[in-house]
file final14.txt (compact mmCIF, C-alpha atoms)
# COMPACT_ATOMS: atom_id res chain seq x y z
CA MET A 1 -103.34 -24.58 -63.78
CA ASN A 2 -102.51 -27.30 -66.29
CA TYR A 3 -99.35 -26.41 -68.22
CA MET A 4 -99.31 -29.56 -70.36
CA VAL A 5 -98.34 -27.82 -73.60
CA PHE A 6 -95.52 -25.96 -71.87
CA GLU A 7 -94.22 -29.20 -70.30
CA ILE A 8 -94.23 -30.98 -73.65
CA GLY A 9 -92.42 -27.97 -75.13
CA LEU A 10 -89.76 -28.22 -72.40
CA ALA A 11 -89.35 -31.93 -73.09
CA ILE A 12 -88.90 -31.34 -76.83
CA GLY A 13 -86.44 -28.53 -76.09
CA LEU A 14 -84.33 -30.81 -73.88
CA ILE A 15 -84.39 -33.52 -76.56
CA ALA A 16 -83.26 -30.97 -79.16
CA LEU A 17 -80.38 -29.83 -76.90
CA ALA A 18 -79.30 -33.44 -76.42
CA GLY A 19 -79.35 -33.94 -80.19
CA LEU A 20 -77.28 -30.82 -80.81
CA LEU A 21 -74.72 -31.92 -78.21
CA SER A 22 -74.41 -35.40 -79.75
CA ALA A 23 -73.95 -33.86 -83.22
CA LYS A 24 -71.27 -31.57 -81.85
CA LEU A 25 -69.42 -34.51 -80.30
CA ARG A 26 -70.12 -36.76 -83.31
CA PHE A 27 -71.50 -39.49 -81.09
CA SER A 28 -74.62 -41.70 -81.28
CA VAL A 29 -77.63 -39.62 -80.29
CA ILE A 30 -79.48 -42.43 -78.46
CA PRO A 31 -77.50 -42.32 -75.17
CA PHE A 32 -77.90 -38.53 -75.06
CA TYR A 33 -81.68 -38.79 -75.35
CA ILE A 34 -81.73 -41.37 -72.54
CA LEU A 35 -79.35 -39.42 -70.29
CA VAL A 36 -81.26 -36.15 -70.62
CA GLY A 37 -84.41 -38.07 -69.68
CA MET A 38 -82.63 -39.42 -66.60
CA ALA A 39 -81.43 -35.93 -65.63
CA VAL A 40 -85.03 -34.74 -65.26
CA GLY A 41 -88.12 -36.56 -64.02
CA PRO A 42 -89.70 -36.83 -60.52
CA HIS A 43 -86.36 -36.19 -58.76
CA SER A 44 -85.70 -32.94 -60.67
CA ILE A 45 -86.50 -29.28 -59.94
CA ASN A 46 -89.77 -27.36 -60.00
CA TRP A 47 -89.26 -23.61 -60.27
CA TRP A 48 -92.11 -21.26 -61.16
CA HIS A 49 -93.68 -22.58 -64.39
CA ILE A 50 -90.58 -24.64 -65.22
CA ASP A 51 -91.41 -28.09 -63.85
CA LEU A 52 -88.74 -30.55 -64.94
CA ARG A 53 -90.42 -33.36 -63.01
CA PHE A 54 -92.85 -33.88 -65.93
CA ILE A 55 -95.43 -35.34 -63.56
CA GLU A 56 -98.52 -34.02 -65.35
CA SER A 57 -97.22 -34.91 -68.81
CA ALA A 58 -95.52 -38.24 -67.96
CA GLU A 59 -98.32 -40.41 -69.34
CA LEU A 60 -98.57 -38.40 -72.55
CA ILE A 61 -94.78 -38.52 -73.06
CA GLU A 62 -94.85 -42.28 -72.50
CA PHE A 63 -97.63 -42.66 -75.09
CA LEU A 64 -95.77 -40.50 -77.61
CA GLY A 65 -92.75 -42.74 -76.97
CA ARG A 66 -94.83 -45.82 -77.78
CA ILE A 67 -95.76 -44.20 -81.08
CA GLY A 68 -92.04 -43.63 -81.65
CA VAL A 69 -91.35 -47.36 -81.34
CA LEU A 70 -94.06 -48.05 -83.94
CA PHE A 71 -92.54 -45.62 -86.44
CA LEU A 72 -89.01 -46.91 -85.84
CA LEU A 73 -90.01 -50.52 -86.52
CA PHE A 74 -92.36 -49.59 -89.37
CA TYR A 75 -89.58 -47.68 -91.14
CA LEU A 76 -87.16 -50.55 -90.58
CA GLY A 77 -89.66 -52.88 -92.25
CA LEU A 78 -89.92 -50.51 -95.22
CA GLU A 79 -86.15 -50.67 -95.64
CA PHE A 80 -86.31 -54.43 -95.78
CA SER A 81 -88.47 -56.90 -97.75
CA VAL A 82 -90.87 -59.69 -96.86
CA GLY A 83 -89.57 -61.65 -99.84
CA ARG A 84 -86.04 -61.74 -98.44
CA LEU A 85 -87.41 -62.63 -95.01
CA ILE A 86 -89.41 -65.62 -96.29
CA LYS A 87 -86.48 -66.90 -98.35
CA SER A 88 -84.31 -66.78 -95.21
CA GLY A 89 -86.90 -68.51 -92.99
CA LYS A 90 -84.82 -71.55 -92.10
CA SER A 91 -81.63 -69.66 -91.27
CA ILE A 92 -83.64 -67.15 -89.21
CA ALA A 93 -85.29 -69.92 -87.18
CA VAL A 94 -81.89 -71.49 -86.54
CA GLY A 95 -80.27 -68.14 -85.70
CA GLY A 96 -83.13 -67.11 -83.39
CA THR A 97 -82.99 -70.43 -81.54
CA ILE A 98 -79.23 -70.09 -81.08
CA TYR A 99 -79.54 -66.53 -79.81
CA ILE A 100 -82.30 -67.31 -77.29
CA LEU A 101 -80.64 -70.54 -76.14
CA ILE A 102 -77.29 -68.90 -75.36
CA ASN A 103 -78.54 -65.68 -73.77
CA PHE A 104 -81.41 -67.24 -71.81
CA THR A 105 -79.14 -69.97 -70.41
CA LEU A 106 -76.55 -67.37 -69.36
CA GLY A 107 -79.29 -65.30 -67.72
CA LEU A 108 -80.49 -68.29 -65.68
CA LEU A 109 -76.92 -69.15 -64.65
CA PHE A 110 -76.19 -65.54 -63.67
CA GLY A 111 -79.28 -65.31 -61.45
CA TRP A 112 -78.40 -68.61 -59.81
CA LEU A 113 -74.74 -67.68 -59.24
CA VAL A 114 -75.59 -64.41 -57.47
CA GLY A 115 -77.95 -66.28 -55.16
CA LEU A 116 -81.35 -64.98 -56.24
CA PRO A 117 -84.58 -66.88 -55.49
CA MET A 118 -86.21 -68.85 -58.32
CA LEU A 119 -88.80 -66.25 -59.39
CA GLU A 120 -86.16 -63.50 -59.42
CA ILE A 121 -83.89 -65.77 -61.50
CA LEU A 122 -86.65 -66.14 -64.10
CA ILE A 123 -87.17 -62.37 -64.19
CA VAL A 124 -83.43 -61.66 -64.55
CA ALA A 125 -83.16 -64.22 -67.37
CA GLY A 126 -85.98 -62.42 -69.20
CA ILE A 127 -84.34 -59.02 -68.65
CA THR A 128 -81.00 -60.21 -70.07
CA THR A 129 -82.33 -62.19 -73.05
CA ILE A 130 -84.51 -59.86 -75.14
CA SER A 131 -83.00 -57.13 -77.34
CA SER A 132 -84.47 -53.65 -77.77
CA SER A 133 -86.32 -53.54 -81.10
CA ALA A 134 -86.45 -49.74 -80.98
CA ILE A 135 -82.71 -49.25 -80.45
CA VAL A 136 -81.81 -51.90 -83.03
CA ALA A 137 -84.08 -50.23 -85.58
CA LYS A 138 -82.60 -46.79 -84.86
CA VAL A 139 -79.02 -48.07 -85.15
CA LEU A 140 -79.61 -49.92 -88.43
CA VAL A 141 -81.26 -46.91 -90.05
CA ASP A 142 -78.88 -44.27 -88.69
CA LEU A 143 -75.78 -46.25 -89.76
CA LYS A 144 -77.36 -47.09 -93.15
CA ARG A 145 -76.97 -50.84 -92.69
CA THR A 146 -80.42 -51.98 -93.74
CA ALA A 147 -79.00 -53.48 -96.94
CA ASN A 148 -76.18 -55.38 -95.21
CA PRO A 149 -76.19 -59.18 -95.63
CA GLU A 150 -76.59 -59.74 -91.87
CA THR A 151 -79.62 -57.45 -91.53
CA GLU A 152 -82.15 -60.12 -92.47
CA MET A 153 -80.74 -62.33 -89.70
CA ILE A 154 -80.95 -59.43 -87.23
CA LEU A 155 -84.59 -58.76 -88.15
CA GLY A 156 -85.37 -62.46 -87.99
CA ILE A 157 -83.87 -62.78 -84.52
CA ILE A 158 -85.93 -59.78 -83.34
CA MET A 159 -89.13 -61.44 -84.58
CA PHE A 160 -88.10 -64.80 -83.13
CA GLU A 161 -87.46 -63.09 -79.79
CA ASP A 162 -91.02 -61.75 -79.82
CA VAL A 163 -92.51 -65.24 -80.14
CA PHE A 164 -90.29 -66.32 -77.24
CA LEU A 165 -91.35 -63.23 -75.28
CA ALA A 166 -95.05 -64.00 -75.79
CA VAL A 167 -94.54 -67.49 -74.35
CA TYR A 168 -92.19 -66.42 -71.59
CA ILE A 169 -94.29 -63.56 -70.26
CA SER A 170 -97.30 -65.90 -70.20
CA ILE A 171 -95.36 -68.37 -68.05
CA VAL A 172 -93.60 -65.91 -65.74
CA SER A 173 -96.61 -63.64 -65.19
CA GLY A 174 -98.61 -66.72 -64.18
CA LEU A 175 -95.92 -67.76 -61.71
CA VAL A 176 -95.20 -64.28 -60.33
CA LEU A 177 -98.72 -62.87 -60.15
CA SER A 178 -100.88 -65.90 -59.44
CA GLY A 179 -98.51 -68.67 -58.40
CA SER A 180 -99.63 -70.97 -61.21
CA THR A 181 -99.84 -71.17 -65.00
CA SER A 182 -101.58 -73.26 -67.63
CA ILE A 183 -99.39 -75.16 -70.08
CA GLY A 184 -102.24 -75.31 -72.57
CA GLY A 185 -102.71 -71.55 -72.37
CA VAL A 186 -99.01 -70.92 -72.91
CA VAL A 187 -98.85 -73.19 -75.98
CA LEU A 188 -101.99 -71.60 -77.42
CA SER A 189 -100.56 -68.09 -76.89
CA ALA A 190 -97.35 -69.03 -78.70
CA LEU A 191 -99.21 -70.61 -81.63
CA ILE A 192 -101.48 -67.57 -81.97
CA ALA A 193 -98.48 -65.20 -81.99
CA LEU A 194 -96.59 -67.24 -84.59
CA GLY A 195 -99.71 -67.78 -86.70
CA PHE A 196 -100.50 -64.06 -86.71
CA MET A 197 -97.01 -63.14 -87.92
CA LEU A 198 -97.09 -65.72 -90.71
CA LEU A 199 -100.62 -64.70 -91.71
CA VAL A 200 -99.71 -61.02 -92.04
CA LEU A 201 -96.59 -61.81 -94.07
CA VAL A 202 -98.20 -64.34 -96.43
CA VAL A 203 -101.54 -62.54 -96.95
CA GLY A 204 -99.81 -59.18 -97.17
CA ARG A 205 -97.47 -60.39 -99.89
CA LYS A 206 -100.34 -61.85 -101.94
CA SER A 207 -102.24 -58.56 -101.51
CA VAL A 208 -99.51 -56.41 -103.07
CA PRO A 209 -101.33 -55.89 -106.43
CA PHE A 210 -104.46 -54.82 -104.50
CA LEU A 211 -102.43 -52.49 -102.27
CA ASN A 212 -100.78 -50.93 -105.33
CA ARG A 213 -104.23 -49.97 -106.68
CA VAL A 214 -105.68 -48.78 -103.35
CA LEU A 215 -102.67 -46.58 -102.56
CA HIS A 216 -102.90 -44.65 -105.84
CA ILE A 217 -103.92 -41.51 -103.93
CA ARG A 218 -102.83 -38.09 -105.19
CA SER A 219 -103.32 -36.22 -101.90
CA ASN A 220 -100.45 -36.69 -99.45
CA GLU A 221 -102.86 -35.97 -96.60
CA LEU A 222 -105.22 -38.80 -97.51
CA PHE A 223 -102.31 -41.08 -98.40
CA LEU A 224 -100.79 -40.65 -94.93
CA LEU A 225 -104.16 -41.14 -93.24
CA VAL A 226 -104.58 -44.49 -94.97
CA ILE A 227 -101.02 -45.58 -94.09
CA PHE A 228 -101.38 -44.47 -90.47
CA ALA A 229 -104.73 -46.23 -90.16
CA VAL A 230 -103.27 -49.53 -91.38
CA LEU A 231 -100.18 -49.14 -89.18
CA PHE A 232 -102.02 -48.37 -85.94
CA ILE A 233 -104.82 -50.89 -86.48
CA ILE A 234 -102.48 -53.80 -87.21
CA ALA A 235 -99.99 -52.83 -84.48
CA GLY A 236 -102.77 -52.28 -81.95
CA PHE A 237 -104.53 -55.53 -82.83
CA SER A 238 -101.29 -57.50 -82.53
CA GLU A 239 -100.99 -56.40 -78.90
CA THR A 240 -104.45 -57.83 -78.14
CA ILE A 241 -103.17 -61.31 -79.05
CA HIS A 242 -99.93 -60.94 -77.05
CA VAL A 243 -97.66 -60.00 -79.97
CA ALA A 244 -95.72 -56.80 -79.24
CA GLU A 245 -97.22 -53.81 -81.05
CA ALA A 246 -93.71 -52.97 -82.29
CA ILE A 247 -93.56 -56.28 -84.15
CA GLY A 248 -96.98 -55.55 -85.66
CA ALA A 249 -95.55 -52.28 -86.99
CA LEU A 250 -92.52 -54.14 -88.39
CA LEU A 251 -94.81 -56.58 -90.20
CA VAL A 252 -96.79 -53.73 -91.79
CA GLY A 253 -93.55 -52.15 -92.99
CA LEU A 254 -92.33 -55.45 -94.44
CA VAL A 255 -95.56 -55.85 -96.43
CA LEU A 256 -95.71 -52.26 -97.72
CA ALA A 257 -92.05 -52.49 -98.76
CA GLU A 258 -93.23 -54.84 -101.53
CA THR A 259 -95.52 -52.21 -103.07
CA GLU A 260 -94.65 -49.68 -105.76
CA HIS A 261 -95.41 -46.89 -103.24
CA MET A 262 -92.57 -47.80 -100.88
CA LYS A 263 -90.39 -44.78 -101.70
CA ARG A 264 -93.28 -42.35 -101.22
CA ILE A 265 -94.20 -43.91 -97.86
CA GLU A 266 -90.58 -43.83 -96.76
CA HIS A 267 -90.21 -40.16 -97.69
CA LEU A 268 -93.40 -39.05 -95.90
CA ILE A 269 -92.86 -41.16 -92.78
CA LEU A 270 -89.26 -40.07 -92.12
CA PRO A 271 -90.04 -36.90 -90.08
CA PHE A 272 -92.49 -38.83 -87.89
CA ARG A 273 -89.90 -41.56 -87.28
CA ASP A 274 -87.26 -39.05 -86.19
CA PHE A 275 -89.54 -36.94 -83.99
CA PHE A 276 -91.41 -39.68 -82.15
CA GLY A 277 -88.34 -41.92 -82.01
CA ALA A 278 -86.44 -39.22 -80.10
CA ILE A 279 -89.34 -38.89 -77.65
CA PHE A 280 -89.26 -42.67 -77.04
CA PHE A 281 -85.65 -42.65 -75.85
CA PHE A 282 -86.29 -39.55 -73.73
CA SER A 283 -89.37 -41.18 -72.14
CA PHE A 284 -87.33 -44.28 -71.40
CA GLY A 285 -84.79 -42.12 -69.57
CA LEU A 286 -87.60 -40.58 -67.53
CA THR A 287 -88.35 -44.02 -66.04
CA ILE A 288 -84.83 -44.30 -64.56
CA ASP A 289 -84.11 -42.73 -61.17
CA PRO A 290 -80.32 -42.21 -61.01
CA PHE A 291 -80.40 -42.11 -57.19
CA SER A 292 -81.67 -45.69 -56.99
CA LEU A 293 -78.90 -47.26 -59.06
CA GLY A 294 -76.09 -47.51 -56.51
CA GLY A 295 -77.09 -50.81 -54.88
CA ALA A 296 -77.18 -52.66 -58.19
CA VAL A 297 -73.91 -51.50 -59.76
CA TRP A 298 -71.89 -54.73 -59.46
CA LEU A 299 -74.90 -56.90 -60.31
CA SER A 300 -75.53 -54.85 -63.45
CA LEU A 301 -71.87 -54.80 -64.53
CA GLY A 302 -71.64 -58.59 -64.17
CA ALA A 303 -74.77 -59.04 -66.29
CA VAL A 304 -73.44 -56.63 -68.94
CA LEU A 305 -70.18 -58.57 -69.30
CA LEU A 306 -72.08 -61.85 -69.56
CA THR A 307 -74.42 -60.38 -72.19
CA LEU A 308 -71.53 -59.07 -74.29
CA ALA A 309 -69.90 -62.52 -74.24
CA GLY A 310 -73.21 -64.25 -74.99
CA ASN A 311 -74.01 -61.93 -77.89
CA PHE A 312 -70.57 -62.42 -79.41
CA ALA A 313 -70.92 -66.22 -79.22
CA ALA A 314 -74.53 -66.17 -80.48
CA GLY A 315 -73.69 -63.82 -83.36
CA MET A 316 -70.75 -65.95 -84.47
CA TRP A 317 -72.74 -69.18 -84.28
CA ALA A 318 -75.88 -67.79 -85.93
CA GLY A 319 -73.90 -66.07 -88.69
CA HIS A 320 -71.84 -69.19 -89.36
CA SER A 321 -75.01 -71.29 -89.61
CA ALA A 322 -76.37 -68.86 -92.24
CA GLY A 323 -73.13 -68.85 -94.26
CA LEU A 324 -72.21 -65.26 -93.35
CA SER A 325 -68.65 -64.00 -93.03
CA PRO A 326 -67.02 -63.69 -89.57
CA LYS A 327 -67.25 -59.90 -89.83
CA ALA A 328 -70.99 -60.01 -90.60
CA SER A 329 -71.46 -62.51 -87.77
CA VAL A 330 -69.77 -60.17 -85.31
CA ASN A 331 -72.06 -57.38 -86.53
CA ILE A 332 -75.10 -59.49 -85.63
CA GLY A 333 -73.99 -59.82 -82.02
CA LEU A 334 -73.04 -56.14 -81.74
CA THR A 335 -76.21 -54.74 -83.31
CA ILE A 336 -78.66 -56.63 -81.08
CA VAL A 337 -76.72 -56.26 -77.83
CA ALA A 338 -78.79 -53.25 -76.71
CA ARG A 339 -81.53 -53.93 -74.16
CA GLY A 340 -84.51 -51.65 -73.60
CA GLU A 341 -88.29 -51.69 -73.54
CA PHE A 342 -88.77 -55.45 -73.10
CA SER A 343 -86.31 -55.61 -70.19
CA ILE A 344 -88.20 -52.82 -68.45
CA ILE A 345 -91.46 -54.76 -68.96
CA MET A 346 -89.93 -57.74 -67.14
CA ALA A 347 -88.70 -55.50 -64.31
CA ASN A 348 -92.17 -53.97 -63.94
CA LEU A 349 -93.60 -57.48 -63.71
CA ALA A 350 -91.25 -58.16 -60.78
CA LYS A 351 -92.45 -54.96 -59.10
CA SER A 352 -96.11 -55.98 -59.55
CA GLY A 353 -95.34 -59.37 -58.00
CA HIS A 354 -93.57 -57.75 -55.00
CA LEU A 355 -90.28 -59.51 -55.73
CA LEU A 356 -86.91 -58.27 -54.44
CA PRO A 357 -86.65 -54.45 -54.83
CA VAL A 358 -83.12 -54.74 -56.28
CA ILE A 359 -84.62 -55.94 -59.60
CA GLN A 360 -85.79 -52.43 -60.61
CA PRO A 361 -82.47 -50.55 -60.23
CA PHE A 362 -80.61 -53.57 -61.65
CA ALA A 363 -82.74 -53.53 -64.80
CA ALA A 364 -82.48 -49.73 -65.17
CA LEU A 365 -78.67 -49.63 -64.90
CA TYR A 366 -78.21 -52.76 -67.04
CA VAL A 367 -80.42 -51.34 -69.78
CA LEU A 368 -78.76 -47.92 -69.62
CA ILE A 369 -75.25 -49.37 -69.98
CA LEU A 370 -76.20 -51.54 -72.95
CA ALA A 371 -78.28 -48.76 -74.52
CA VAL A 372 -75.07 -46.71 -74.55
CA LEU A 373 -72.68 -49.55 -75.46
CA GLY A 374 -74.89 -51.09 -78.17
CA PRO A 375 -74.93 -48.16 -80.63
CA LEU A 376 -71.29 -47.33 -79.82
CA LEU A 377 -70.00 -50.87 -80.46
CA THR A 378 -72.08 -51.16 -83.63
CA LYS A 379 -70.72 -47.87 -84.96
CA GLU A 380 -67.15 -48.98 -84.18
CA ASN A 381 -67.69 -52.50 -85.56
CA LYS A 382 -64.48 -52.46 -87.62
CA ARG A 383 -62.32 -51.82 -84.57
CA VAL A 384 -64.24 -54.36 -82.49
CA TYR A 385 -63.86 -56.97 -85.23
CA ALA A 386 -60.12 -56.26 -85.47
CA ALA A 387 -59.75 -56.70 -81.70
CA MET A 388 -61.79 -59.93 -81.72
CA ASP A 389 -59.78 -61.25 -84.65
CA PHE A 390 -56.52 -60.45 -82.85
CA LEU A 391 -57.67 -62.30 -79.73
CA PHE A 392 -59.55 -65.25 -81.21
CA LYS A 393 -58.38 -65.43 -84.87
CA ILE A 394 -62.02 -65.48 -86.03
CA SER A 395 -61.14 -64.47 -89.62
CA ALA A 396 -59.68 -67.97 -90.03
CA LEU A 397 -63.23 -69.31 -90.02
CA GLY A 398 -64.00 -67.35 -93.18
CA GLY A 399 -60.79 -68.56 -94.81
CA LYS A 400 -61.55 -72.19 -94.09
CA LYS A 401 -65.07 -71.80 -95.45
CA ALA A 402 -63.78 -70.19 -98.65
CA LYS A 403 -61.23 -72.99 -99.20
CA LYS A 404 -63.93 -75.60 -98.64
CA ALA A 405 -66.16 -73.89 -101.22
CA GLU A 406 -63.36 -73.84 -103.78
CA THR A 407 -62.77 -77.61 -103.47
CA GLN A 408 -66.46 -78.45 -104.00
call {"tool": "encode", "arguments": {"input": "final14.txt", "output": "structure tokens"}}
result
Amino acid sequence: MNYMVFEIGLAIGLIALAGLLSAKLRFSVIPFYILVGMAVGPHSINWWHIDLRFIESAELIEFLGRIGVLFLLFYLGLEFSVGRLIKSGKSIAVGGTIYILINFTLGLLFGWLVGLPMLEILIVAGITTISSSAIVAKVLVDLKRTANPETEMILGIIMFEDVFLAVYISIVSGLVLSGSTSIGGVVLSALIALGFMLLVLVVGRKSVPFLNRVLHIRSNELFLLVIFAVLFIIAGFSETIHVAEAIGALLVGLVLAETEHMKRIEHLILPFRDFFGAIFFFSFGLTIDPFSLGGAVWLSLGAVLLTLAGNFAAGMWAGHSAGLSPKASVNIGLTIVARGEFSIIMANLAKSGHLLPVIQPFAALYVLILAVLGPLLTKENKRVYAAMDFLFKISALGGKKAKKAETQ
């Protein structure tokens, strides 16, 4: 018999237990969701009707997790503003370029130093470069940092990463899967992705008066149906033109944040964000087989250390270029250090291209470590900043900038 409902109930029960444990320990809930997902899955037990392998329901759980990413990014967009994003366009472009340049270069160097072949080097560089939009969104909302001065730079870097990802996946998938790629096709894909983002932001902002009138709906049921329709249509369409569906959801949130209905949307969407967001992190854990991680431990640890150093340098440089304080700059690097869904996409590409089998466990362990460290370091940002200041005297940068401003 098909016990799909019972399996989904077991999954939700395990997620709830993980959440209760994290609340008891007063620790970030994200690692607990991931770890409980790792504890079950295909390698787990099957006793009577209790099947913790989640084989029959795996696809449904994965789909519910994808919905969770959409709600996480949509809610993050609601907490922000397209107006602030447009005003910060130049600093975001500079910050995004800095972030990609540093982390991508370090990824290439790491792959080369450990002696990987060229295609594997390109895959590893992709795995270590792109942040997890879902984890970043969850951290910003949970720690109530959406109004922080560095948040617009963080959001901008996430969007900039997606344009890079659209180009990079086009190139690497061509090399890995077919042995060739078209430069014209790659350029066209990048232009389409960038053009779509700008179009949604600009047209959406000009449509705010129209949206204010259309969304004057008394029934919460109909109101949510309209919001969900817009969210899923835009997010789904964005994926058809090689822009991540999560970024499409972020764009919708940014636009609707400009309307007079923002608070109502935020209030009604919150339970969906929390529920489906939890399922996303659980479903991510399900994809990791803990018994396959041993051979990639040292490779993963080396990549983690390099990523932490790269994020610190990129955050400081990007924040300084935008006129942010050293503390805010450190927060940029800490907040976007987590890796997740995009790294797994790159690892799956390597599997499809029959590249070295070590890529899969490397990516899983690397992502798991940073998924745990990212929220933890962001939560403890004051202590991390104090340690960095003690070692590198980074607060002196802020002092010099303040003195320079006073003399002008």
call {"tool": "closest_residue", "arguments": {"input": "final14.txt", "among": "A:Leu73, A:Ala278, A:Ala386, A:Ala309", "to": "Gly13 (chain A)", "atoms": "all atoms listed in the file"}}
result
A:Ala278
call {"tool": "closest_residue", "arguments": {"input": "final14.txt", "among": "A:Leu308, A:Val176, A:Gly77, A:His43", "to": "Leu140 (chain A)", "atoms": "all atoms listed in the file"}}
result
A:Gly77
call {"tool": "residues_around", "arguments": {"input": "final14.txt", "residues": "Ile233 (chain A)", "least_positions_apart": "6", "cutoff": "12 Å", "atoms": "only C-alpha atoms", "output": "list of chain:residue names"}}
result
A:Leu70, A:Leu225, A:Val226, A:Ile227, A:Glu239, A:Thr240, A:Glu245, A:Gly248, A:Ala249, A:Val252
call {"tool": "closest_atom_pairs", "arguments": {"input": "final14.txt", "of": "region 68-169 of chain A", "to": "region 369-373 of chain A", "cutoff": "10 Å", "atoms": "only C-alpha atoms", "output": "CSV"}}
result
residue,atom,partner,partner_atom,distance
A:Ser131,CA,A:Leu370,CA,9.8
A:Ser132,CA,A:Ala371,CA,8.5
A:Ile135,CA,A:Ala371,CA,7.4
A:Val136,CA,A:Ala371,CA,9.7
call {"tool": "residues_around", "arguments": {"input": "final14.txt", "residues": "Thr151 (chain A)", "least_positions_apart": "4", "cutoff": "12 Å", "atoms": "all atoms listed in the file", "output": "ChimeraX atom specification"}}
result
/A:76-77,79-81,84-85,88,92,136-137,139-141,143-147,155-158,315,319,322,324,328-336
call {"tool": "write_last_selection", "arguments": {"input": "final14.txt", "atoms": "C-alpha atoms", "output": "PDB file, in the frame of the given file"}}
result
ATOM      1  CA  LEU A  76     -87.160 -50.550 -90.580  1.00  0.00           C
ATOM      2  CA  GLY A  77     -89.660 -52.880 -92.250  1.00  0.00           C
ATOM      3  CA  GLU A  79     -86.150 -50.670 -95.640  1.00  0.00           C
ATOM      4  CA  PHE A  80     -86.310 -54.430 -95.780  1.00  0.00           C
ATOM      5  CA  SER A  81     -88.470 -56.900 -97.750  1.00  0.00           C
ATOM      6  CA  ARG A  84     -86.040 -61.740 -98.440  1.00  0.00           C
ATOM      7  CA  LEU A  85     -87.410 -62.630 -95.010  1.00  0.00           C
ATOM      8  CA  SER A  88     -84.310 -66.780 -95.210  1.00  0.00           C
ATOM      9  CA  ILE A  92     -83.640 -67.150 -89.210  1.00  0.00           C
ATOM     10  CA  VAL A 136     -81.810 -51.900 -83.030  1.00  0.00           C
ATOM     11  CA  ALA A 137     -84.080 -50.230 -85.580  1.00  0.00           C
ATOM     12  CA  VAL A 139     -79.020 -48.070 -85.150  1.00  0.00           C
ATOM     13  CA  LEU A 140     -79.610 -49.920 -88.430  1.00  0.00           C
ATOM     14  CA  VAL A 141     -81.260 -46.910 -90.050  1.00  0.00           C
ATOM     15  CA  LEU A 143     -75.780 -46.250 -89.760  1.00  0.00           C
ATOM     16  CA  LYS A 144     -77.360 -47.090 -93.150  1.00  0.00           C
ATOM     17  CA  ARG A 145     -76.970 -50.840 -92.690  1.00  0.00           C
ATOM     18  CA  THR A 146     -80.420 -51.980 -93.740  1.00  0.00           C
ATOM     19  CA  ALA A 147     -79.000 -53.480 -96.940  1.00  0.00           C
ATOM     20  CA  LEU A 155     -84.590 -58.760 -88.150  1.00  0.00           C
ATOM     21  CA  GLY A 156     -85.370 -62.460 -87.990  1.00  0.00           C
ATOM     22  CA  ILE A 157     -83.870 -62.780 -84.520  1.00  0.00           C
ATOM     23  CA  ILE A 158     -85.930 -59.780 -83.340  1.00  0.00           C
ATOM     24  CA  GLY A 315     -73.690 -63.820 -83.360  1.00  0.00           C
ATOM     25  CA  GLY A 319     -73.900 -66.070 -88.690  1.00  0.00           C
ATOM     26  CA  ALA A 322     -76.370 -68.860 -92.240  1.00  0.00           C
ATOM     27  CA  LEU A 324     -72.210 -65.260 -93.350  1.00  0.00           C
ATOM     28  CA  ALA A 328     -70.990 -60.010 -90.600  1.00  0.00           C
ATOM     29  CA  SER A 329     -71.460 -62.510 -87.770  1.00  0.00           C
ATOM     30  CA  VAL A 330     -69.770 -60.170 -85.310  1.00  0.00           C
ATOM     31  CA  ASN A 331     -72.060 -57.380 -86.530  1.00  0.00           C
ATOM     32  CA  ILE A 332     -75.100 -59.490 -85.630  1.00  0.00           C
ATOM     33  CA  GLY A 333     -73.990 -59.820 -82.020  1.00  0.00           C
ATOM     34  CA  LEU A 334     -73.040 -56.140 -81.740  1.00  0.00           C
ATOM     35  CA  THR A 335     -76.210 -54.740 -83.310  1.00  0.00           C
ATOM     36  CA  ILE A 336     -78.660 -56.630 -81.080  1.00  0.00           C
TER      37      ILE A 336
END
call {"tool": "closest_residue", "arguments": {"input": "final14.txt", "among": "A:Ser173, A:Gln360, A:Ser57, A:Ser395", "to": "Ser325 (chain A)", "atoms": "only C-alpha atoms"}}
result
A:Ser395
call {"tool": "residues_near_point", "arguments": {"input": "final14.txt", "point": "(-93.3, -57.8, -83.6)", "cutoff": "12 Å", "atoms": "only C-alpha atoms", "output": "ChimeraX atom specification"}}
result
/A:69-70,72-74,76-77,132-134,155-166,193-194,196-198,200-201,234-239,241-254,342
call {"tool": "residues_near_point", "arguments": {"input": "final14.txt", "point": "(-82.2, -30.2, -80.8)", "cutoff": "12 Å", "atoms": "all atoms listed in the file", "output": "CSV table (one decimal) with C-alpha atoms, keeping the file's coordinate frame"}}
result
chain,number,residue,atom,x,y,z
A,9,GLY,CA,-92.4,-28.0,-75.1
A,10,LEU,CA,-89.8,-28.2,-72.4
A,11,ALA,CA,-89.4,-31.9,-73.1
A,12,ILE,CA,-88.9,-31.3,-76.8
A,13,GLY,CA,-86.4,-28.5,-76.1
A,14,LEU,CA,-84.3,-30.8,-73.9
A,15,ILE,CA,-84.4,-33.5,-76.6
A,16,ALA,CA,-83.3,-31.0,-79.2
A,17,LEU,CA,-80.4,-29.8,-76.9
A,18,ALA,CA,-79.3,-33.4,-76.4
A,19,GLY,CA,-79.4,-33.9,-80.2
A,20,LEU,CA,-77.3,-30.8,-80.8
A,21,LEU,CA,-74.7,-31.9,-78.2
A,22,SER,CA,-74.4,-35.4,-79.8
A,23,ALA,CA,-74.0,-33.9,-83.2
A,24,LYS,CA,-71.3,-31.6,-81.8
A,29,VAL,CA,-77.6,-39.6,-80.3
A,32,PHE,CA,-77.9,-38.5,-75.1
A,33,TYR,CA,-81.7,-38.8,-75.4
A,36,VAL,CA,-81.3,-36.2,-70.6
A,274,ASP,CA,-87.3,-39.0,-86.2
A,275,PHE,CA,-89.5,-36.9,-84.0
A,278,ALA,CA,-86.4,-39.2,-80.1
A,279,ILE,CA,-89.3,-38.9,-77.6
